[in-house]
>>> print(open('start_8.csv').read())   # CSV, C-alpha atoms
chain,number,residue,atom,x,y,z
A,1,MET,CA,11.5,11.7,-27.1
A,2,ASN,CA,10.5,8.5,-29.0
A,3,SER,CA,7.5,10.3,-30.5
A,4,PHE,CA,9.8,13.1,-31.6
A,5,LYS,CA,12.2,10.7,-33.2
A,6,ILE,CA,9.4,9.0,-35.0
A,7,PHE,CA,8.1,12.3,-36.3
A,8,ILE,CA,11.6,13.3,-37.6
A,9,PHE,CA,11.9,9.8,-39.2
A,10,ILE,CA,8.6,10.2,-41.0
A,11,LEU,CA,9.4,13.7,-42.0
A,12,LEU,CA,12.8,12.6,-43.5
A,13,ALA,CA,11.3,9.6,-45.2
A,14,THR,CA,8.6,11.8,-46.8
A,15,TYR,CA,11.2,14.2,-48.0
A,16,LEU,CA,13.4,11.5,-49.5
A,17,LEU,CA,10.3,9.9,-51.1
A,18,GLY,CA,9.4,13.2,-52.7
A,19,GLY,CA,12.9,13.6,-54.0
A,20,ALA,CA,12.8,10.1,-55.5
A,21,ILE,CA,9.5,10.8,-57.2
A,22,LEU,CA,10.9,14.1,-58.6
A,23,TYR,CA,14.0,12.4,-59.9
A,24,PHE,CA,12.5,9.2,-61.4
A,25,LEU,CA,9.2,10.6,-62.5
A,26,GLN,CA,10.2,14.1,-63.6
A,27,GLU,CA,9.5,13.4,-67.3
A,28,GLN,CA,5.8,12.9,-66.4
A,29,PHE,CA,5.7,16.4,-65.0
A,30,ILE,CA,7.8,18.1,-67.7
A,31,PHE,CA,6.4,16.4,-70.8
A,32,LEU,CA,2.7,16.0,-71.4
A,33,PRO,CA,2.6,14.4,-74.9
A,34,GLU,CA,-0.4,13.4,-77.0
A,35,SER,CA,0.3,10.3,-79.0
A,36,LEU,CA,-0.9,9.8,-82.5
A,37,ASP,CA,-1.2,6.6,-84.6
A,38,GLN,CA,1.4,6.4,-87.3
A,39,ASP,CA,-1.3,6.4,-89.9
A,40,TYR,CA,-3.0,9.5,-88.5
A,41,GLU,CA,-3.7,12.0,-91.2
A,42,TYR,CA,-3.3,15.7,-90.4
A,43,SER,CA,-5.9,18.1,-91.7
A,44,PHE,CA,-5.4,21.9,-91.9
A,45,GLU,CA,-6.8,24.6,-94.1
A,46,GLN,CA,-3.3,25.7,-95.2
A,47,ASN,CA,-1.1,23.7,-97.5
A,48,PHE,CA,1.5,21.6,-95.7
A,49,GLU,CA,4.0,18.8,-96.2
A,50,GLU,CA,4.7,16.1,-93.7
A,51,HIS,CA,8.2,14.9,-93.1
A,52,ASN,CA,10.0,12.4,-90.9
A,53,LEU,CA,13.7,12.9,-89.8
A,54,GLU,CA,15.5,9.6,-89.0
A,55,MET,CA,17.9,10.1,-86.2
A,56,GLU,CA,21.1,8.1,-85.6
A,57,ASP,CA,19.7,6.2,-82.6
A,58,GLY,CA,16.7,5.1,-84.7
A,59,ALA,CA,14.3,7.7,-83.4
A,60,LYS,CA,11.9,9.4,-85.8
A,61,ILE,CA,11.1,13.1,-85.6
A,62,ASN,CA,7.8,14.0,-87.2
A,63,LEU,CA,7.4,17.5,-88.6
A,64,LEU,CA,5.0,19.7,-90.6
A,65,HIS,CA,6.1,22.3,-93.2
A,66,PHE,CA,3.4,24.8,-94.0
A,67,THR,CA,4.2,26.0,-97.4
A,68,LEU,CA,3.3,29.1,-99.5
A,69,PRO,CA,3.8,29.9,-103.2
A,70,GLU,CA,5.6,33.0,-102.0
A,71,SER,CA,6.5,33.6,-98.4
A,72,LYS,CA,8.1,36.4,-96.5
A,73,GLU,CA,10.4,34.1,-94.4
A,74,LEU,CA,10.4,30.7,-92.6
A,75,ILE,CA,9.5,30.3,-89.0
A,76,VAL,CA,11.0,27.3,-87.2
A,77,TYR,CA,8.6,26.8,-84.3
A,78,PHE,CA,9.3,24.7,-81.2
A,79,HIS,CA,6.1,24.2,-79.3
A,80,GLY,CA,5.2,23.9,-75.6
A,81,ASN,CA,5.2,20.8,-73.4
A,82,ALA,CA,1.7,19.5,-74.1
A,83,GLY,CA,-0.3,18.1,-77.0
A,84,SER,CA,0.9,17.2,-80.5
A,85,LEU,CA,1.0,18.6,-84.0
A,86,ALA,CA,-2.7,17.8,-84.4
A,87,ARG,CA,-3.3,20.9,-82.1
A,88,TRP,CA,-0.1,22.9,-82.6
A,89,GLY,CA,-0.7,23.0,-86.4
A,90,GLU,CA,-3.7,25.0,-85.7
A,91,VAL,CA,-1.8,27.3,-83.2
A,92,VAL,CA,0.7,28.3,-85.9
A,93,SER,CA,-1.8,28.8,-88.7
A,94,PRO,CA,-2.2,32.5,-88.1
A,95,PHE,CA,1.5,32.9,-88.9
A,96,VAL,CA,0.9,31.2,-92.3
A,97,ASP,CA,-2.0,33.6,-92.8
A,98,LEU,CA,0.4,36.5,-92.3
A,99,GLY,CA,2.5,35.2,-95.1
A,100,TYR,CA,5.1,33.1,-93.4
A,101,GLU,CA,6.0,29.5,-94.0
A,102,VAL,CA,6.2,27.5,-90.8
A,103,LEU,CA,8.2,24.4,-89.9
A,104,ILE,CA,7.0,22.8,-86.7
A,105,VAL,CA,8.0,19.5,-85.0
A,106,ASP,CA,6.8,17.1,-82.4
A,107,TYR,CA,9.4,16.1,-79.8
A,108,ARG,CA,10.2,12.5,-79.1
A,109,GLY,CA,7.2,10.7,-77.7
A,110,TYR,CA,4.8,13.4,-79.0
A,111,GLY,CA,2.4,12.7,-81.9
A,112,LYS,CA,4.1,10.4,-84.4
A,113,SER,CA,7.6,11.1,-83.2
A,114,THR,CA,9.4,8.2,-81.5
A,115,GLY,CA,12.5,7.6,-79.5
A,116,LYS,CA,13.8,7.8,-75.9
A,117,ARG,CA,14.1,11.2,-74.5
A,118,SER,CA,17.1,12.9,-72.9
A,119,GLN,CA,18.3,16.5,-73.0
A,120,VAL,CA,21.3,15.6,-75.1
A,121,ARG,CA,19.1,13.6,-77.6
A,122,MET,CA,16.6,16.4,-77.9
A,123,LEU,CA,19.2,19.0,-78.5
A,124,HIS,CA,20.7,16.8,-81.2
A,125,ASP,CA,17.2,16.6,-82.7
A,126,ALA,CA,17.0,20.4,-82.7
A,127,ASP,CA,20.3,20.5,-84.6
A,128,ALA,CA,18.9,18.1,-87.2
A,129,ILE,CA,15.7,20.2,-87.5
A,130,TYR,CA,17.6,23.3,-88.1
A,131,GLU,CA,19.8,21.7,-90.8
A,132,PHE,CA,16.5,20.5,-92.4
A,133,ALA,CA,15.2,24.0,-92.3
A,134,LYS,CA,18.2,25.3,-94.1
A,135,THR,CA,17.4,23.0,-97.0
A,136,LYS,CA,14.1,24.9,-97.4
A,137,GLU,CA,15.3,28.5,-96.8
A,138,THR,CA,18.5,30.5,-96.5
A,139,GLU,CA,19.6,31.1,-92.9
A,140,ASP,CA,19.1,34.9,-93.2
A,141,ARG,CA,15.4,34.2,-93.8
A,142,ILE,CA,14.9,31.8,-90.9
A,143,ILE,CA,13.1,33.0,-87.7
A,144,LEU,CA,13.5,30.8,-84.7
A,145,PHE,CA,10.4,30.7,-82.4
A,146,GLY,CA,10.3,29.0,-79.0
A,147,ARG,CA,7.2,28.8,-76.9
A,148,SER,CA,7.5,27.8,-73.2
A,149,LEU,CA,9.4,24.5,-73.2
A,150,GLY,CA,10.3,25.1,-76.8
A,151,SER,CA,12.2,28.3,-75.8
A,152,GLY,CA,15.0,26.0,-74.6
A,153,PHE,CA,15.5,24.5,-78.0
A,154,ALA,CA,15.1,27.7,-79.9
A,155,SER,CA,17.6,29.5,-77.6
A,156,TYR,CA,20.1,26.6,-77.9
A,157,LEU,CA,20.0,26.9,-81.7
A,158,ALA,CA,20.2,30.7,-81.7
A,159,GLY,CA,23.4,30.3,-79.7
A,160,LYS,CA,25.0,28.1,-82.3
A,161,ASN,CA,23.7,29.6,-85.5
A,162,ASN,CA,22.8,32.9,-87.2
A,163,PRO,CA,19.0,33.1,-87.8
A,164,LYS,CA,17.5,36.4,-88.8
A,165,LYS,CA,15.8,36.7,-85.4
A,166,LEU,CA,14.7,34.8,-82.3
A,167,ILE,CA,11.2,35.1,-80.8
A,168,LEU,CA,10.5,33.6,-77.4
A,169,GLU,CA,7.0,33.3,-75.9
A,170,THR,CA,6.7,32.7,-72.2
A,171,PRO,CA,10.3,31.6,-71.8
A,172,PHE,CA,12.2,30.7,-68.7
A,173,TYR,CA,15.6,31.8,-67.4
A,174,SER,CA,16.3,28.1,-67.0
A,175,LEU,CA,14.1,25.0,-66.4
A,176,ARG,CA,16.0,24.5,-63.2
A,177,GLU,CA,15.0,27.9,-61.9
A,178,VAL,CA,11.3,27.2,-62.7
A,179,ALA,CA,11.4,23.9,-60.9
A,180,GLY,CA,13.2,25.5,-58.0
A,181,SER,CA,10.5,28.1,-57.6
A,182,LEU,CA,7.8,25.4,-57.6
A,183,ILE,CA,9.6,23.1,-55.2
A,184,PRO,CA,12.2,25.2,-53.3
A,185,ILE,CA,12.9,22.5,-50.7
A,186,TYR,CA,14.7,20.2,-53.2
A,187,PRO,CA,18.1,20.7,-54.8
A,188,THR,CA,16.7,20.8,-58.3
A,189,GLY,CA,20.1,21.5,-59.8
A,190,PHE,CA,21.1,18.0,-58.7
A,191,LEU,CA,17.8,16.2,-59.3
A,192,LEU,CA,16.7,17.7,-62.6
A,193,LYS,CA,17.8,15.9,-65.7
A,194,TYR,CA,16.5,18.6,-68.0
A,195,GLN,CA,18.1,22.0,-67.2
A,196,LEU,CA,17.7,23.9,-70.5
A,197,PRO,CA,19.7,27.0,-69.3
A,198,ASN,CA,18.4,29.7,-71.7
A,199,PHE,CA,20.5,32.3,-70.0
A,200,GLN,CA,23.6,30.4,-71.0
A,201,TYR,CA,22.5,29.6,-74.5
A,202,LEU,CA,21.9,33.3,-75.3
A,203,GLU,CA,25.0,34.7,-73.7
A,204,LYS,CA,26.7,35.5,-77.0
A,205,VAL,CA,23.7,35.7,-79.4
A,206,GLU,CA,23.9,38.9,-81.5
A,207,THR,CA,20.7,38.2,-83.5
A,208,PRO,CA,17.7,40.3,-82.4
A,209,ILE,CA,15.8,38.6,-79.6
A,210,TYR,CA,12.1,39.3,-78.8
A,211,ILE,CA,10.5,38.0,-75.6
A,212,PHE,CA,6.7,37.9,-75.1
A,213,HIS,CA,5.4,37.3,-71.6
A,214,GLY,CA,2.1,37.7,-69.9
A,215,ASP,CA,2.2,39.4,-66.5
A,216,GLN,CA,-0.3,36.9,-65.1
A,217,ASP,CA,1.6,33.8,-66.2
A,218,GLU,CA,0.9,31.0,-63.6
A,219,ILE,CA,3.2,28.4,-65.2
A,220,VAL,CA,6.5,30.2,-66.1
A,221,PRO,CA,6.7,33.2,-63.7
A,222,PHE,CA,6.8,36.6,-65.4
A,223,ALA,CA,9.9,37.3,-63.3
A,224,SER,CA,11.7,34.3,-64.9
A,225,GLY,CA,11.2,35.7,-68.4
A,226,LYS,CA,12.1,39.2,-67.2
A,227,ARG,CA,15.3,37.9,-65.5
A,228,LEU,CA,16.3,36.2,-68.8
A,229,TYR,CA,15.8,39.5,-70.7
A,230,GLU,CA,17.9,41.3,-68.1
A,231,THR,CA,20.9,39.1,-69.0
A,232,LEU,CA,20.7,40.1,-72.6
A,233,GLY,CA,22.2,43.0,-74.5
A,234,GLU,CA,20.7,45.9,-76.5
A,235,ASN,CA,19.7,43.4,-79.2
A,236,ALA,CA,16.8,42.2,-77.0
A,237,LYS,CA,13.3,43.5,-76.4
A,238,PHE,CA,10.8,42.5,-73.8
A,239,ILE,CA,7.1,42.7,-74.6
A,240,THR,CA,4.6,42.5,-71.8
A,241,ILE,CA,1.1,41.3,-72.5
A,242,GLU,CA,-1.0,42.8,-69.7
A,243,GLY,CA,-3.4,40.3,-68.3
A,244,GLY,CA,-1.9,37.5,-70.2
A,245,HIS,CA,-1.5,34.1,-68.7
A,246,HIS,CA,0.6,31.2,-70.0
A,247,ASN,CA,-1.5,29.8,-72.7
A,248,ASP,CA,-3.7,32.7,-73.9
A,249,LEU,CA,-1.4,35.4,-75.2
A,250,SER,CA,-2.6,34.9,-78.8
A,251,ALA,CA,-6.1,35.8,-77.6
A,252,PHE,CA,-4.9,39.4,-77.0
A,253,ASP,CA,-5.0,42.0,-79.8
A,254,ALA,CA,-1.9,43.5,-78.2
A,255,TYR,CA,0.0,40.3,-78.8
A,256,TRP,CA,-0.7,40.3,-82.6
A,257,ALA,CA,-0.1,44.0,-82.9
A,258,GLU,CA,3.4,43.6,-81.4
A,259,MET,CA,4.0,40.3,-83.2
A,260,GLU,CA,3.4,41.8,-86.6
A,261,LYS,CA,5.8,44.7,-85.7
A,262,VAL,CA,8.4,42.1,-84.8
A,263,LEU,CA,7.9,40.0,-87.9
A,264,ASN,CA,7.9,43.1,-90.1
A,265,ASP,CA,11.1,44.6,-88.5
A,266,GLU,CA,9.2,47.7,-87.4
>>> encode(input="start_8.csv", output="structure tokens")
Amino acid sequence: MNSFKIFIFILLATYLLGGAILYFLQEQFIFLPESLDQDYEYSFEQNFEEHNLEMEDGAKINLLHFTLPESKELIVYFHGNAGSLARWGEVVSPFVDLGYEVLIVDYRGYGKSTGKRSQVRMLHDADAIYEFAKTKETEDRIILFGRSLGSGFASYLAGKNNPKKLILETPFYSLREVAGSLIPIYPTGFLLKYQLPNFQYLEKVETPIYIFHGDQDEIVPFASGKRLYETLGENAKFITIEGGHHNDLSAFDAYWAEMEKVLNDE
């Protein structure tokens, strides 16, 4: 009996320790930033401008605006949870080659951006980024694009504004759902500080929504993106990239064929 009690105690202690790690260290699992020196100089083949947005709490949000003499429209791009603009600038360069200007930002703690993170602060940052975008282009020529983690911020903005369209790549139903699928033994709704409920953000969105998801996604389950799509109306389209994983959709010809159709309103 004593051995059984000890076993239960160890099991409970391990469970509680795991919960504490999830709660206090969750940012280290969600956010995987690459830091850049403030004097780091970006280098890309396309023309670009670097800007810094000063936030009310003293944080600085670093962004790049890839410019063109004549552009089709402006893509406001929210990237995934890893890296910095040093890499993501290269990721968005094909969109510039297709004739679109791109505005892309680093979140707090990424690249040259500074400031303490929280869901509320990061959503306020997204608001400021969108207002900045509207100084560069009229709203009817703005395309919101959210990739993975960035789908939360792009969806949030689409729910509050009227962009021309919303493109989501490997999005989730909610961050809480993804965490719950990975660690189902914990009450992630209670423990998770970052919920990013895309399904709620998009409830009343009337702008066209396009979801790209690989059917072999090992990070954000294909089923999560599909579930999000199923909550949407006739203004939404789900595009499956067969064989696509989480970080390689752009390597598929089918991805670019469908993306060009979406961008060109075909």
>>> atom_distance(input="start_8.csv", atom1="atom CA of A:His246", atom2="atom CA of A:Gln46")
26.1 Å
>>> closest_residue(input="start_8.csv", among="A:Gly146, A:Gly58, A:Gly89, A:Pro94", to="A:Arg121", atoms="only C-alpha atoms")
A:Gly58
>>> atom_distance(input="start_8.csv", atom1="atom CA of A:Lys165", atom2="atom CA of A:Leu144")
6.4 Å
>>> residues_around(input="start_8.csv", residues="A:Leu157", least_positions_apart="6", cutoff="10 Å", atoms="all atoms listed in the file", output="compact mmCIF listing (two decimals) with C-alpha atoms, in the coordinates of the input")
# COMPACT_ATOMS: atom_id res chain seq x y z
CA LEU A 123 19.20 19.00 -78.50
CA ALA A 126 17.00 20.40 -82.70
CA ASP A 127 20.30 20.50 -84.60
CA ILE A 129 15.70 20.20 -87.50
CA TYR A 130 17.60 23.30 -88.10
CA LEU A 144 13.50 30.80 -84.70
CA SER A 151 12.20 28.30 -75.80
CA PRO A 163 19.00 33.10 -87.80
CA LEU A 166 14.70 34.80 -82.30
CA TYR A 201 22.50 29.60 -74.50
CA LEU A 202 21.90 33.30 -75.30
CA VAL A 205 23.70 35.70 -79.40
>>> closest_residue(input="start_8.csv", among="A:Lys72, A:Arg147, A:Lys160, A:Lys60", to="A:Ser250", atoms="all atoms listed in the file")
A:Arg147
>>> residues_around(input="start_8.csv", residues="A:Ile167", least_positions_apart="5", cutoff="10 Å", atoms="all atoms listed in the file", output="NGL selection string")
:A and (75 or 77 or 143-147 or 151 or 154-155 or 208-212 or 236-237 or 259 or 262-263)
>>> residues_around(input="start_8.csv", residues="A:Tyr100", least_positions_apart="2", cutoff="7 Å", atoms="all atoms listed in the file", output="PyMOL selection string")
chain A and resi 71-75+95-96+98+102
>>> write_last_selection(input="start_8.csv", atoms="C-alpha atoms", output="short mmCIF file (atom, residue, chain, number, x, y, z; two decimals), keeping the file's coordinate frame")
data_model
loop_
_atom_site.label_atom_id
_atom_site.label_comp_id
_atom_site.auth_asym_id
_atom_site.auth_seq_id
_atom_site.Cartn_x
_atom_site.Cartn_y
_atom_site.Cartn_z
CA SER A 71 6.50 33.60 -98.40
CA LYS A 72 8.10 36.40 -96.50
CA GLU A 73 10.40 34.10 -94.40
CA LEU A 74 10.40 30.70 -92.60
CA ILE A 75 9.50 30.30 -89.00
CA PHE A 95 1.50 32.90 -88.90
CA VAL A 96 0.90 31.20 -92.30
CA LEU A 98 0.40 36.50 -92.30
CA VAL A 102 6.20 27.50 -90.80
#
>>> atom_distance(input="start_8.csv", atom1="atom CA of A:Glu50", atom2="atom CA of A:Gly159")
27.3 Å
>>> closest_residue(input="start_8.csv", among="A:Ser35, A:Glu101, A:Thr114, A:Gln119", to="A:Leu85", atoms="only C-alpha atoms")
A:Ser35
>>> residues_near_point(input="start_8.csv", point="(12.1, 12.5, -81.4)", cutoff="7 Å", atoms="all atoms listed in the file", output="list of chain:residue names")
A:Ala59, A:Lys60, A:Ile61, A:Tyr107, A:Arg108, A:Gly109, A:Ser113, A:Thr114, A:Gly115, A:Met122, A:Asp125
>>> residues_near_point(input="start_8.csv", point="(5.9, 21.4, -69.2)", cutoff="12 Å", atoms="only C-alpha atoms", output="PyMOL selection string")
chain A and resi 26-33+79-83+147-152+170-172+175+178-179+194+219-220+246-247
>>> residues_around(input="start_8.csv", residues="A:Asn62", least_positions_apart="5", cutoff="8 Å", atoms="only C-alpha atoms", output="PyMOL selection string")
chain A and resi 50-53+105-107+111-113
>>> residues_around(input="start_8.csv", residues="A:Gln200", least_positions_apart="2", cutoff="10 Å", atoms="all atoms listed in the file", output="PyMOL selection string")
chain A and resi 155-156+159+173-174+196-198+202-205+228+231
>>> write_last_selection(input="start_8.csv", atoms="C-alpha atoms", output="PDB file, in the frame of the given file")
ATOM      1  CA  SER A 155      17.600  29.500 -77.600  1.00  0.00           C
ATOM      2  CA  TYR A 156      20.100  26.600 -77.900  1.00  0.00           C
ATOM      3  CA  GLY A 159      23.400  30.300 -79.700  1.00  0.00           C
ATOM      4  CA  TYR A 173      15.600  31.800 -67.400  1.00  0.00           C
ATOM      5  CA  SER A 174      16.300  28.100 -67.000  1.00  0.00           C
ATOM      6  CA  LEU A 196      17.700  23.900 -70.500  1.00  0.00           C
ATOM      7  CA  PRO A 197      19.700  27.000 -69.300  1.00  0.00           C
ATOM      8  CA  ASN A 198      18.400  29.700 -71.700  1.00  0.00           C
ATOM      9  CA  LEU A 202      21.900  33.300 -75.300  1.00  0.00           C
ATOM     10  CA  GLU A 203      25.000  34.700 -73.700  1.00  0.00           C
ATOM     11  CA  LYS A 204      26.700  35.500 -77.000  1.00  0.00           C
ATOM     12  CA  VAL A 205      23.700  35.700 -79.400  1.00  0.00           C
ATOM     13  CA  LEU A 228      16.300  36.200 -68.800  1.00  0.00           C
ATOM     14  CA  THR A 231      20.900  39.100 -69.000  1.00  0.00           C
TER      15      THR A 231
END
